[in-house]
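> A single structure is presented below for examination.
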Amino acid sequence: MGYDACWVVNGVNDILVPSSIAIIMFGIGLNLTLENFKRVFIRPKAILTGLTLQMILLPLVGFIIASVWNLPPAYKVGIVLISACPGGTASNLVTHILSGRVALSISMTAFNSFLILFTIPFITSIALGLFTDHQQVVSLSFWHTFQNIAVTVIAPVVSGIFIRHYFENFTLKIKPYLKYILSAVLLIVFLVVGLNTIAGSNDGINSGELYVAIPLLLLNVSTMLIGFWIAGILQINHDGKYTIAIEMGLQNSALAIFVASQILQNETMTLVAIVYSGFSFFTTMGLSYLLKKSNSHVINDH
């Protein structure tokens, strides 16, 4: 990767991505009240279920898919790495667009942002030992993660809630346009980050590497369906069920790209994360919409 390419990629990661995420979370906060979060913690079954599924079941499915699929070792580790990076801001936005339990989604994002400090190094180390011939120390900074979640998630959401409460007329005027504006911001970020990361690699993505999209798609779809099914068994309401499904299916690709490129310094694993980020937003959105509508079909049948 050349000096100019490094500068562009780092600039995008350091400035564009955090700023865009903060804008998205502020917009989502405009649609929330403190009562939404109160519900999450007074009845914690949904958030405990979601976090347990994300921290345990999701990586387990990733290991199973990586083990049975005929792929080079670096691809296998890349798949597990994706499964170890649970939902980020994109999942919050999809939940918002589909009128799911946004406070639940944001709460899960906030909690798993700290849990992954321990789970990502542990899970990735196991994957490296299982699928490759070497071990590598993987560590994430607690202080950096705390700053990141505070600046890009917590502060913007709280600001949005404050603006909604004290400037309700302003909020009502812009509310009809928020979903379109926030979706456009996120898609631009995906496009710019993907293009800059590919431009910064030596060879880009070739057709052989796109083959990994098949097991990644299987990871995406299967974890969503399993999460939705288990949430149903536990009698979580329908909005909670498809909110958990979204959190299971839409992984934090930006974090996976960072770990693969900056910590593991492995271009192949980085490209696995890039491939996943290229389709997962759209597949998660589509399947989540079908899961949301499945409840109306059940009601109509009765």
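Chains: A, B, ... in order of the structure tokens. Residues: from 1 per chain. Ligands: from 1, in order shown.
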Do you have, as JSON lines, the list of residues of segment 25-62 of chain A lying at most 10 Å from segment 164-183 of chain A, each with its nearest atom pair and that distance in Å to one decimal, counting only C-alpha atoms and ordered by chain then number?


```
{"residue": "A:Met25", "atom": "CA", "partner": "A:Leu182", "partner_atom": "CA", "distance": 8.8}
{"residue": "A:Phe26", "atom": "CA", "partner": "A:Leu182", "partner_atom": "CA", "distance": 9.6}
{"residue": "A:Gly27", "atom": "CA", "partner": "A:Leu178", "partner_atom": "CA", "distance": 6.5}
{"residue": "A:Ile28", "atom": "CA", "partner": "A:Leu178", "partner_atom": "CA", "distance": 8.1}
{"residue": "A:Gly29", "atom": "CA", "partner": "A:Arg164", "partner_atom": "CA", "distance": 8.1}
{"residue": "A:Leu30", "atom": "CA", "partner": "A:Arg164", "partner_atom": "CA", "distance": 5.3}
{"residue": "A:Asn31", "atom": "CA", "partner": "A:Arg164", "partner_atom": "CA", "distance": 7.3}
{"residue": "A:Leu32", "atom": "CA", "partner": "A:Arg164", "partner_atom": "CA", "distance": 7.9}
{"residue": "A:Thr33", "atom": "CA", "partner": "A:His165", "partner_atom": "CA", "distance": 7.9}
{"residue": "A:Leu34", "atom": "CA", "partner": "A:His165", "partner_atom": "CA", "distance": 9.9}
```

> Output C-alpha atoms for every residue in that selection, as a tab-separated table (two decimals), in the first residue's frame.


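Saved to again.tsv:
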```
chain	number	residue	atom	x	y	z
A	25	MET	CA	-27.04	8.30	15.54
A	26	PHE	CA	-28.16	11.92	16.11
A	27	GLY	CA	-30.92	11.41	13.54
A	28	ILE	CA	-31.99	8.18	15.20
A	29	GLY	CA	-31.97	9.90	18.59
A	30	LEU	CA	-34.50	12.42	17.27
A	31	ASN	CA	-37.01	9.55	17.13
A	32	LEU	CA	-36.38	8.29	20.69
A	33	THR	CA	-37.32	9.15	24.25
A	34	LEU	CA	-35.88	8.03	27.57
```

> For Ala184 of chain A, which residue out of A:Ile15, A:Val68, A:Ile24, A:Val157 is the nearest one, using only C-alpha atoms?

A:Ile24

> Would you write out, as JSON lines, a table of all residues in segment 95-124 of chain A that have an atom no more than 12 Å from an atom of segment 75-78 of chain A, listing for each the closest atom pair and the distance in Å to one decimal, considering only C-alpha atoms and ordering rows by chain and rising residue number?


```
{"residue": "A:Ile120", "atom": "CA", "partner": "A:Val77", "partner_atom": "CA", "distance": 11.8}
{"residue": "A:Ile123", "atom": "CA", "partner": "A:Val77", "partner_atom": "CA", "distance": 9.7}
{"residue": "A:Thr124", "atom": "CA", "partner": "A:Val77", "partner_atom": "CA", "distance": 7.2}
```

> Could those residues be written to a file, using all heavy atoms, as a PDB file, in the first residue's frame?


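File written: result_20.pdb
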```
ATOM      1  N   ILE A 120     -13.339 -10.535  20.960  1.00  0.00           N
ATOM      2  CA  ILE A 120     -12.630 -10.542  19.666  1.00  0.00           C
ATOM      3  C   ILE A 120     -11.217 -11.108  19.795  1.00  0.00           C
ATOM      4  O   ILE A 120     -10.821 -11.977  19.009  1.00  0.00           O
ATOM      5  CB  ILE A 120     -12.618  -9.142  19.022  1.00  0.00           C
ATOM      6  CG1 ILE A 120     -14.012  -8.808  18.485  1.00  0.00           C
ATOM      7  CG2 ILE A 120     -11.590  -9.064  17.893  1.00  0.00           C
ATOM      8  CD1 ILE A 120     -14.108  -7.464  17.805  1.00  0.00           C
ATOM      9  N   ILE A 123     -11.665 -15.004  20.473  1.00  0.00           N
ATOM     10  CA  ILE A 123     -12.196 -15.762  19.339  1.00  0.00           C
ATOM     11  C   ILE A 123     -11.215 -15.770  18.168  1.00  0.00           C
ATOM     12  O   ILE A 123     -10.986 -16.810  17.542  1.00  0.00           O
ATOM     13  CB  ILE A 123     -13.555 -15.177  18.905  1.00  0.00           C
ATOM     14  CG1 ILE A 123     -14.600 -15.418  19.995  1.00  0.00           C
ATOM     15  CG2 ILE A 123     -14.023 -15.780  17.585  1.00  0.00           C
ATOM     16  CD1 ILE A 123     -15.879 -14.633  19.795  1.00  0.00           C
ATOM     17  N   THR A 124     -10.617 -14.611  17.882  1.00  0.00           N
ATOM     18  CA  THR A 124      -9.677 -14.531  16.755  1.00  0.00           C
ATOM     19  C   THR A 124      -8.427 -15.363  17.023  1.00  0.00           C
ATOM     20  O   THR A 124      -7.894 -16.008  16.106  1.00  0.00           O
ATOM     21  CB  THR A 124      -9.285 -13.070  16.482  1.00  0.00           C
ATOM     22  OG1 THR A 124     -10.469 -12.287  16.298  1.00  0.00           O
ATOM     23  CG2 THR A 124      -8.428 -12.964  15.230  1.00  0.00           C
TER      24      THR A 124
END
```

> Where does DSSP see alpha helix (DSSP H) in segment 75-257 of chain A, if you list the residues as a PyMOL selection string?

chain A and resi 75-83+89-97+102-131+142-149+155-166+168-200+213-233+238-249+253-257

> If we count only C-alpha atoms, what is near Leu234 of chain A at a cut-off of 9 Å, once residues fewer than 4 positions away on the same chain are taken out, given as a ChimeraX atom specification?

/A:45-46,49,229-230

> Could the residues in this selection be saved with N, CA, C and O atoms as a PDB file, in the first residue's frame?


```pdb
ATOM      1  N   LYS A  45     -35.170  -9.193  29.192  1.00  0.00           N
ATOM      2  CA  LYS A  45     -35.045 -10.486  28.514  1.00  0.00           C
ATOM      3  C   LYS A  45     -34.548 -10.333  27.083  1.00  0.00           C
ATOM      4  O   LYS A  45     -33.691 -11.094  26.618  1.00  0.00           O
ATOM      5  N   ALA A  46     -35.042  -9.331  26.371  1.00  0.00           N
ATOM      6  CA  ALA A  46     -34.661  -9.152  24.974  1.00  0.00           C
ATOM      7  C   ALA A  46     -33.183  -8.799  24.825  1.00  0.00           C
ATOM      8  O   ALA A  46     -32.468  -9.382  24.003  1.00  0.00           O
ATOM      9  N   THR A  49     -30.985 -11.779  25.803  1.00  0.00           N
ATOM     10  CA  THR A  49     -31.037 -12.790  24.742  1.00  0.00           C
ATOM     11  C   THR A  49     -30.179 -12.372  23.564  1.00  0.00           C
ATOM     12  O   THR A  49     -29.371 -13.156  23.043  1.00  0.00           O
ATOM     13  N   TRP A 229     -35.704 -17.136  15.415  1.00  0.00           N
ATOM     14  CA  TRP A 229     -36.355 -18.351  15.907  1.00  0.00           C
ATOM     15  C   TRP A 229     -36.200 -18.496  17.428  1.00  0.00           C
ATOM     16  O   TRP A 229     -37.172 -18.752  18.141  1.00  0.00           O
ATOM     17  N   ILE A 230     -34.983 -18.323  17.926  1.00  0.00           N
ATOM     18  CA  ILE A 230     -34.740 -18.462  19.371  1.00  0.00           C
ATOM     19  C   ILE A 230     -35.482 -17.371  20.146  1.00  0.00           C
ATOM     20  O   ILE A 230     -36.062 -17.635  21.205  1.00  0.00           O
TER      21      ILE A 230
END
```

> At a cut-off of 12 Å, using only C-alpha atoms, what residues contact His144 of chain A? Leave out same-chain residues fewer than 5 positions from it and give the result as a list in words.

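Those residues are Ser113, Phe114, Leu117, Ser139, Ile149, Ala150, Val151 and Thr152 of chain A.
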
> Please list as a PyMOL selection string every residue within 8 Å of Ile82 of chain A, counting only C-alpha atoms and excluding residues in the same chain fewer than 3 positions away.

chain A and resi 62+78-79+85-86+251-253+256+273

> The selected residues should be written to file as a compact mmCIF listing (two decimals), in the first residue's frame (atoms: all heavy atoms).


```txt
# COMPACT_ATOMS: atom_id res chain seq x y z
N GLY A 62 -20.03 -19.02 12.90
CA GLY A 62 -18.89 -18.64 12.08
C GLY A 62 -17.83 -19.72 12.03
O GLY A 62 -17.29 -20.04 10.96
N GLY A 78 -10.93 -14.99 8.42
CA GLY A 78 -11.70 -13.79 8.09
C GLY A 78 -13.19 -13.96 8.37
O GLY A 78 -13.85 -13.05 8.87
N ILE A 79 -13.73 -15.14 8.07
CA ILE A 79 -15.14 -15.43 8.34
C ILE A 79 -15.41 -15.40 9.85
O ILE A 79 -16.40 -14.82 10.31
CB ILE A 79 -15.54 -16.79 7.74
CG1 ILE A 79 -15.54 -16.72 6.21
CG2 ILE A 79 -16.92 -17.23 8.25
CD1 ILE A 79 -15.76 -18.05 5.53
N CYS A 85 -17.49 -9.76 15.31
CA CYS A 85 -17.70 -8.30 15.33
C CYS A 85 -19.19 -8.00 15.22
O CYS A 85 -19.69 -7.65 14.15
CB CYS A 85 -16.95 -7.64 14.17
SG CYS A 85 -15.17 -7.78 14.25
N PRO A 86 -19.94 -8.14 16.32
CA PRO A 86 -21.39 -7.98 16.26
C PRO A 86 -21.82 -6.55 15.96
O PRO A 86 -21.02 -5.62 15.99
CB PRO A 86 -21.85 -8.42 17.64
CG PRO A 86 -20.69 -8.18 18.52
CD PRO A 86 -19.49 -8.43 17.68
N GLN A 251 -23.12 -7.43 10.71
CA GLN A 251 -21.92 -7.30 11.55
C GLN A 251 -21.19 -5.98 11.31
O GLN A 251 -21.39 -5.32 10.30
CB GLN A 251 -20.97 -8.48 11.28
CG GLN A 251 -21.61 -9.84 11.41
CD GLN A 251 -22.45 -9.94 12.66
OE1 GLN A 251 -21.98 -9.73 13.75
NE2 GLN A 251 -23.72 -10.28 12.51
N ASN A 252 -20.35 -5.62 12.25
CA ASN A 252 -19.58 -4.38 12.20
C ASN A 252 -18.37 -4.57 11.27
O ASN A 252 -17.26 -4.85 11.71
CB ASN A 252 -19.13 -3.98 13.61
CG ASN A 252 -18.59 -2.57 13.66
OD1 ASN A 252 -18.16 -2.02 12.66
ND2 ASN A 252 -18.60 -1.98 14.84
N SER A 253 -18.63 -4.41 9.97
CA SER A 253 -17.58 -4.66 8.97
C SER A 253 -16.39 -3.71 9.14
O SER A 253 -15.24 -4.11 8.91
CB SER A 253 -18.16 -4.51 7.56
OG SER A 253 -19.23 -5.38 7.36
N ALA A 256 -14.13 -5.11 11.67
CA ALA A 256 -13.43 -6.28 11.13
C ALA A 256 -12.30 -5.86 10.18
O ALA A 256 -11.21 -6.43 10.20
CB ALA A 256 -14.42 -7.19 10.40
N ALA A 273 -13.61 -9.08 4.87
CA ALA A 273 -14.49 -8.11 5.52
C ALA A 273 -15.08 -7.12 4.51
O ALA A 273 -16.24 -6.71 4.62
CB ALA A 273 -13.73 -7.36 6.62
```

> Interatomic distance between atom CA of Ser19 of chain A and atom CA of Leu271 of chain A?

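Separation of atom CA of Ser19 of chain A and atom CA of Leu271 of chain A: 23.9 Å.
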
> Contacts of Asp239 of chain A at 12 Å or less, counting only C-alpha atoms, minus same-chain residues fewer than 4 places along, as a VMD selection string?

chain A and resid 46 95 to 96 98 to 105 228 231 to 232 235 243 to 246 288 to 289 291 to 296

> Write out as a PyMOL selection string each polymer residue whose atoms come within 10 Å of Glu247 of chain A, counting only C-alpha atoms; drop sequence neighbours fewer than 6 positions from it.

chain A and resi 50-51+53-54+86-92+94-95+104-106+108-109+223-224+227+284

> Those residues with all heavy atoms, as a compact mmCIF listing (two decimals), in the first residue's frame please?


```
# COMPACT_ATOMS: atom_id res chain seq x y z
N GLY A 50 -30.35 -11.12 23.13
CA GLY A 50 -29.59 -10.63 21.99
C GLY A 50 -28.09 -10.66 22.21
O GLY A 50 -27.33 -11.11 21.34
N LEU A 51 -27.65 -10.20 23.36
CA LEU A 51 -26.22 -10.18 23.66
C LEU A 51 -25.64 -11.59 23.76
O LEU A 51 -24.53 -11.86 23.28
CB LEU A 51 -25.95 -9.41 24.95
CG LEU A 51 -26.18 -7.90 24.89
CD1 LEU A 51 -26.05 -7.28 26.27
CD2 LEU A 51 -25.19 -7.25 23.92
N LEU A 53 -26.78 -14.29 22.23
CA LEU A 53 -26.72 -14.83 20.87
C LEU A 53 -25.55 -14.23 20.10
O LEU A 53 -24.84 -14.95 19.37
CB LEU A 53 -28.04 -14.54 20.13
CG LEU A 53 -29.28 -15.29 20.63
CD1 LEU A 53 -30.52 -14.78 19.91
CD2 LEU A 53 -29.12 -16.79 20.42
N GLN A 54 -25.32 -12.93 20.27
CA GLN A 54 -24.22 -12.27 19.55
C GLN A 54 -22.85 -12.76 20.02
O GLN A 54 -21.95 -12.98 19.20
CB GLN A 54 -24.31 -10.76 19.74
CG GLN A 54 -25.38 -10.09 18.90
CD GLN A 54 -25.33 -8.58 19.05
OE1 GLN A 54 -25.28 -8.05 20.16
NE2 GLN A 54 -25.35 -7.88 17.94
N PRO A 86 -19.94 -8.14 16.32
CA PRO A 86 -21.39 -7.98 16.26
C PRO A 86 -21.82 -6.55 15.96
O PRO A 86 -21.02 -5.62 15.99
CB PRO A 86 -21.85 -8.42 17.64
CG PRO A 86 -20.69 -8.18 18.52
CD PRO A 86 -19.49 -8.43 17.68
N GLY A 87 -23.12 -6.40 15.69
CA GLY A 87 -23.75 -5.21 15.15
C GLY A 87 -23.17 -3.86 15.52
O GLY A 87 -22.74 -3.63 16.64
N GLY A 88 -23.18 -2.95 14.55
CA GLY A 88 -22.73 -1.59 14.77
C GLY A 88 -23.84 -0.61 14.40
O GLY A 88 -25.03 -0.91 14.49
N THR A 89 -23.44 0.55 13.94
CA THR A 89 -24.40 1.61 13.63
C THR A 89 -25.34 1.23 12.50
O THR A 89 -26.51 1.63 12.50
CB THR A 89 -23.64 2.89 13.24
OG1 THR A 89 -22.72 3.21 14.28
CG2 THR A 89 -24.59 4.05 13.06
N ALA A 90 -24.87 0.47 11.54
CA ALA A 90 -25.73 0.08 10.42
C ALA A 90 -26.95 -0.70 10.89
O ALA A 90 -28.06 -0.52 10.38
CB ALA A 90 -24.93 -0.76 9.41
N SER A 91 -26.76 -1.56 11.89
CA SER A 91 -27.90 -2.32 12.42
C SER A 91 -28.89 -1.39 13.11
O SER A 91 -30.11 -1.61 13.05
CB SER A 91 -27.41 -3.40 13.39
OG SER A 91 -26.77 -2.83 14.52
N ASN A 92 -28.39 -0.35 13.78
CA ASN A 92 -29.29 0.63 14.40
C ASN A 92 -30.14 1.33 13.35
O ASN A 92 -31.34 1.55 13.54
CB ASN A 92 -28.49 1.67 15.18
CG ASN A 92 -27.57 1.10 16.24
OD1 ASN A 92 -26.53 1.68 16.54
ND2 ASN A 92 -27.91 -0.05 16.79
N VAL A 94 -30.91 0.21 10.23
CA VAL A 94 -31.87 -0.73 9.63
C VAL A 94 -33.06 -0.91 10.56
O VAL A 94 -34.22 -0.93 10.12
CB VAL A 94 -31.21 -2.09 9.33
CG1 VAL A 94 -32.25 -3.13 8.92
CG2 VAL A 94 -30.17 -1.94 8.22
N THR A 95 -32.79 -1.04 11.87
CA THR A 95 -33.87 -1.18 12.85
C THR A 95 -34.77 0.05 12.83
O THR A 95 -36.00 -0.05 12.89
CB THR A 95 -33.29 -1.38 14.26
OG1 THR A 95 -32.45 -2.54 14.26
CG2 THR A 95 -34.40 -1.58 15.28
N LEU A 104 -33.54 -0.86 21.93
CA LEU A 104 -32.93 -2.18 22.16
C LEU A 104 -31.69 -2.34 21.30
O LEU A 104 -30.64 -2.78 21.77
CB LEU A 104 -33.94 -3.28 21.84
CG LEU A 104 -33.42 -4.72 21.83
CD1 LEU A 104 -32.87 -5.11 23.20
CD2 LEU A 104 -34.51 -5.69 21.38
N SER A 105 -31.80 -1.96 20.04
CA SER A 105 -30.67 -2.07 19.11
C SER A 105 -29.48 -1.23 19.56
O SER A 105 -28.34 -1.69 19.58
CB SER A 105 -31.11 -1.64 17.70
OG SER A 105 -30.04 -1.69 16.80
N ILE A 106 -29.75 0.03 19.94
CA ILE A 106 -28.68 0.92 20.39
C ILE A 106 -28.06 0.41 21.69
O ILE A 106 -26.83 0.46 21.87
CB ILE A 106 -29.22 2.35 20.57
CG1 ILE A 106 -29.61 2.94 19.21
CG2 ILE A 106 -28.18 3.24 21.25
CD1 ILE A 106 -30.28 4.29 19.30
N MET A 108 -27.87 -2.69 22.72
CA MET A 108 -27.02 -3.83 22.39
C MET A 108 -25.70 -3.38 21.78
O MET A 108 -24.63 -3.91 22.11
CB MET A 108 -27.76 -4.77 21.43
CG MET A 108 -28.92 -5.52 22.07
SD MET A 108 -29.85 -6.53 20.90
CE MET A 108 -28.60 -7.71 20.40
N THR A 109 -25.76 -2.36 20.91
CA THR A 109 -24.52 -1.83 20.31
C THR A 109 -23.59 -1.29 21.38
O THR A 109 -22.38 -1.53 21.36
CB THR A 109 -24.86 -0.72 19.30
OG1 THR A 109 -25.62 -1.26 18.22
CG2 THR A 109 -23.59 -0.08 18.75
N THR A 223 -27.69 -16.80 10.66
CA THR A 223 -27.68 -16.24 12.01
C THR A 223 -28.92 -15.38 12.25
O THR A 223 -29.46 -15.35 13.36
CB THR A 223 -26.41 -15.41 12.27
OG1 THR A 223 -26.24 -14.45 11.22
CG2 THR A 223 -25.19 -16.31 12.34
N MET A 224 -29.40 -14.70 11.22
CA MET A 224 -30.63 -13.93 11.36
C MET A 224 -31.82 -14.84 11.66
O MET A 224 -32.62 -14.57 12.56
CB MET A 224 -30.90 -13.12 10.09
CG MET A 224 -29.97 -11.95 9.86
SD MET A 224 -30.44 -10.97 8.43
CE MET A 224 -31.99 -10.27 8.99
N GLY A 227 -31.48 -16.39 15.17
CA GLY A 227 -31.78 -15.39 16.19
C GLY A 227 -33.27 -15.12 16.29
O GLY A 227 -33.83 -15.02 17.39
N THR A 284 -29.50 -7.97 4.74
CA THR A 284 -30.10 -7.86 6.07
C THR A 284 -31.39 -7.05 6.01
O THR A 284 -32.40 -7.41 6.63
CB THR A 284 -29.11 -7.21 7.06
OG1 THR A 284 -27.93 -8.01 7.15
CG2 THR A 284 -29.73 -7.09 8.45
```
